[in-house]
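Below is one structure, written out as structure tokens; comments come after it.
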Amino acid sequence: MRASEQKGACEKNHSELRQLLPKGSVSFDELVERDMAVCMSHVNSSPRASLCGASPTALFKAMFGEAGRELLDAYGVEEVPGDRLALRPIVLNVERDRRGEGPLRFL
């Protein structure tokens with residue numbers, strides 16, 4: 001078994017995901033598939049120093065071209081522009097409001 005510090009890339013996504021969904025802040029039972037796609041869109045649109053300033057989404061699309069775009073579309077993951085990028089829980093309620101859904105209740 002490996003220690004968490006040995007899984008750098010995975011831990012980076014985990015820490016960014018926890019910025020969006022802090023432990024104990026929301027019941028995961030309330031989250032729908034689209035909520036998780038929004039989370040992954042924001043987490044993977046964040047530029048990374050380890051990727052020379054590129055985001056994982058941009059790099060994935062550059063590497064896999066049209067097939068990569070189709071796969072991201074199938075999962076509902078999109079590249080979030082920098083001016084809309086937010087790693088805070090409120091981003092979920094903003095997106096839910098755009099979809100005409102009720103807000104999440106943060107604990």
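The way I read the labels, and the way they are meant: chains A, B, ... in the order of the structure tokens, residue 1 as the first residue of every chain, and ligand 1 as the first ligand shown, with later ones counted on from there.
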
Within 12 Å of segment 70-73 of chain A, counting only C-alpha atoms, which residues qualify if same-chain residues fewer than 4 places away don't, as a list in words?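 My reading of the contact set: Arg34, Ala37, Val38, Met40, Ser41, Asn44, Pro56, Thr57, Ala58, Phe60, Lys61, Phe64, Gly65, Glu66, Val77, Glu78 and Glu79 of chain A.
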
Pick out the residues sitting within 12 Å of Glu16 of chain A, and hand them over as a VMD selection string; count only C-alpha atoms, and ignore anything fewer than 3 positions along from it in its own chain. chain A and resid 9 to 13 19 to 23 39 to 48 86 to 89

Just the selected residues (N, CA and C atoms), exported as a PDB file, in the first residue's frame, please.
ATOM      1  N   ALA A   9      -0.510  13.060  -8.412  1.00  0.00           N
ATOM      2  CA  ALA A   9      -1.539  13.524  -9.343  1.00  0.00           C
ATOM      3  C   ALA A   9      -2.934  13.257  -8.804  1.00  0.00           C
ATOM      4  N   CYS A  10      -3.133  12.095  -8.249  1.00  0.00           N
ATOM      5  CA  CYS A  10      -4.434  11.751  -7.677  1.00  0.00           C
ATOM      6  C   CYS A  10      -4.753  12.656  -6.494  1.00  0.00           C
ATOM      7  N   GLU A  11      -3.771  12.898  -5.657  1.00  0.00           N
ATOM      8  CA  GLU A  11      -3.977  13.748  -4.483  1.00  0.00           C
ATOM      9  C   GLU A  11      -4.258  15.184  -4.870  1.00  0.00           C
ATOM     10  N   LYS A  12      -3.679  15.675  -5.967  1.00  0.00           N
ATOM     11  CA  LYS A  12      -3.952  17.040  -6.434  1.00  0.00           C
ATOM     12  C   LYS A  12      -5.419  17.167  -6.798  1.00  0.00           C
ATOM     13  N   ASN A  13      -5.945  16.203  -7.561  1.00  0.00           N
ATOM     14  CA  ASN A  13      -7.372  16.238  -7.904  1.00  0.00           C
ATOM     15  C   ASN A  13      -8.231  16.112  -6.657  1.00  0.00           C
ATOM     16  N   GLN A  19     -11.944  21.243  -2.266  1.00  0.00           N
ATOM     17  CA  GLN A  19     -12.218  22.688  -2.210  1.00  0.00           C
ATOM     18  C   GLN A  19     -13.653  22.952  -2.655  1.00  0.00           C
ATOM     19  N   LEU A  20     -14.083  22.200  -3.655  1.00  0.00           N
ATOM     20  CA  LEU A  20     -15.461  22.337  -4.142  1.00  0.00           C
ATOM     21  C   LEU A  20     -16.463  21.694  -3.193  1.00  0.00           C
ATOM     22  N   LEU A  21     -16.092  20.563  -2.639  1.00  0.00           N
ATOM     23  CA  LEU A  21     -16.976  19.803  -1.754  1.00  0.00           C
ATOM     24  C   LEU A  21     -16.250  19.497  -0.444  1.00  0.00           C
ATOM     25  N   PRO A  22     -16.092  20.497   0.420  1.00  0.00           N
ATOM     26  CA  PRO A  22     -15.383  20.253   1.679  1.00  0.00           C
ATOM     27  C   PRO A  22     -16.040  19.126   2.476  1.00  0.00           C
ATOM     28  N   LYS A  23     -15.213  18.345   3.131  1.00  0.00           N
ATOM     29  CA  LYS A  23     -15.698  17.220   3.926  1.00  0.00           C
ATOM     30  C   LYS A  23     -16.759  17.712   4.913  1.00  0.00           C
ATOM     31  N   CYS A  39     -18.259  19.613 -11.173  1.00  0.00           N
ATOM     32  CA  CYS A  39     -17.071  19.550 -10.314  1.00  0.00           C
ATOM     33  C   CYS A  39     -15.842  19.174 -11.126  1.00  0.00           C
ATOM     34  N   MET A  40     -15.953  18.138 -11.925  1.00  0.00           N
ATOM     35  CA  MET A  40     -14.804  17.670 -12.698  1.00  0.00           C
ATOM     36  C   MET A  40     -14.420  18.692 -13.770  1.00  0.00           C
ATOM     37  N   SER A  41     -15.398  19.405 -14.316  1.00  0.00           N
ATOM     38  CA  SER A  41     -15.094  20.447 -15.290  1.00  0.00           C
ATOM     39  C   SER A  41     -14.229  21.534 -14.653  1.00  0.00           C
ATOM     40  N   HIS A  42     -14.595  21.963 -13.452  1.00  0.00           N
ATOM     41  CA  HIS A  42     -13.831  23.014 -12.779  1.00  0.00           C
ATOM     42  C   HIS A  42     -12.461  22.507 -12.329  1.00  0.00           C
ATOM     43  N   VAL A  43     -12.422  21.345 -11.708  1.00  0.00           N
ATOM     44  CA  VAL A  43     -11.148  20.800 -11.227  1.00  0.00           C
ATOM     45  C   VAL A  43     -10.179  20.587 -12.389  1.00  0.00           C
ATOM     46  N   ASN A  44     -10.662  20.051 -13.493  1.00  0.00           N
ATOM     47  CA  ASN A  44      -9.775  19.723 -14.603  1.00  0.00           C
ATOM     48  C   ASN A  44      -9.548  20.875 -15.578  1.00  0.00           C
ATOM     49  N   SER A  45     -10.180  22.028 -15.327  1.00  0.00           N
ATOM     50  CA  SER A  45      -9.916  23.230 -16.124  1.00  0.00           C
ATOM     51  C   SER A  45      -8.915  24.141 -15.434  1.00  0.00           C
ATOM     52  N   SER A  46      -8.536  23.786 -14.236  1.00  0.00           N
ATOM     53  CA  SER A  46      -7.579  24.578 -13.459  1.00  0.00           C
ATOM     54  C   SER A  46      -6.167  24.333 -13.985  1.00  0.00           C
ATOM     55  N   PRO A  47      -5.464  25.403 -14.395  1.00  0.00           N
ATOM     56  CA  PRO A  47      -4.093  25.221 -14.894  1.00  0.00           C
ATOM     57  C   PRO A  47      -3.187  24.588 -13.840  1.00  0.00           C
ATOM     58  N   ARG A  48      -2.281  23.755 -14.277  1.00  0.00           N
ATOM     59  CA  ARG A  48      -1.365  23.050 -13.382  1.00  0.00           C
ATOM     60  C   ARG A  48       0.076  23.362 -13.734  1.00  0.00           C
ATOM     61  N   ALA A  86     -13.981  28.356 -10.726  1.00  0.00           N
ATOM     62  CA  ALA A  86     -14.091  28.556  -9.279  1.00  0.00           C
ATOM     63  C   ALA A  86     -14.010  27.204  -8.586  1.00  0.00           C
ATOM     64  N   LEU A  87     -13.172  27.125  -7.594  1.00  0.00           N
ATOM     65  CA  LEU A  87     -13.066  25.895  -6.808  1.00  0.00           C
ATOM     66  C   LEU A  87     -13.692  26.148  -5.438  1.00  0.00           C
ATOM     67  N   ARG A  88     -14.960  26.557  -5.471  1.00  0.00           N
ATOM     68  CA  ARG A  88     -15.720  26.829  -4.243  1.00  0.00           C
ATOM     69  C   ARG A  88     -17.076  26.148  -4.360  1.00  0.00           C
ATOM     70  N   PRO A  89     -17.655  25.764  -3.236  1.00  0.00           N
ATOM     71  CA  PRO A  89     -18.932  25.039  -3.270  1.00  0.00           C
ATOM     72  C   PRO A  89     -20.063  25.787  -3.970  1.00  0.00           C
TER      73      PRO A  89
END

Can you pull out the residues contacting Glu30 of chain A? Cut-off 10 Å, using only C-alpha atoms, and skip same-chain residues under 5 positions away; I want them as an mmCIF file with N, CA, C and O atoms, in the first residue's frame.
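Contents of result-v9.cif, as written:
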data_model
loop_
_atom_site.group_PDB
_atom_site.id
_atom_site.type_symbol
_atom_site.label_atom_id
_atom_site.label_comp_id
_atom_site.auth_asym_id
_atom_site.auth_seq_id
_atom_site.Cartn_x
_atom_site.Cartn_y
_atom_site.Cartn_z
ATOM 1 N N ASP A 35 -23.992 17.363 -11.374
ATOM 2 C CA ASP A 35 -23.205 18.068 -10.353
ATOM 3 C C ASP A 35 -21.755 17.609 -10.385
ATOM 4 O O ASP A 35 -20.833 18.419 -10.293
ATOM 5 N N PRO A 103 -31.197 24.574 -5.079
ATOM 6 C CA PRO A 103 -29.823 24.610 -4.571
ATOM 7 C C PRO A 103 -29.519 23.441 -3.647
ATOM 8 O O PRO A 103 -30.418 22.831 -3.063
ATOM 9 N N LEU A 104 -28.237 23.145 -3.527
ATOM 10 C CA LEU A 104 -27.784 22.156 -2.547
ATOM 11 C C LEU A 104 -27.849 22.797 -1.162
ATOM 12 O O LEU A 104 -27.656 23.990 -1.022
ATOM 13 N N ARG A 105 -28.136 21.976 -0.171
ATOM 14 C CA ARG A 105 -28.100 22.448 1.208
ATOM 15 C C ARG A 105 -26.737 22.107 1.767
ATOM 16 O O ARG A 105 -26.385 20.954 1.914
#

Quick one, how far is atom CA of Ile90 of chain A from atom CA of Leu107 of chain A?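 These atoms are spaced 12.8 Å apart.
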
Could you pull out the helix (DSSP H, G or I) residues of chain A from DSSP and send them as a ChimeraX atom specification? /A:4-6,8-20,28-30,33-45,49-51,56-75,90-98

Pick from A:Met36, A:Gly68, A:Leu59, A:Cys52, whichever lies nearest to Glu95 of chain A using only C-alpha atoms: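 Smallest separation from Glu95 of chain A among the options: A:Met36.
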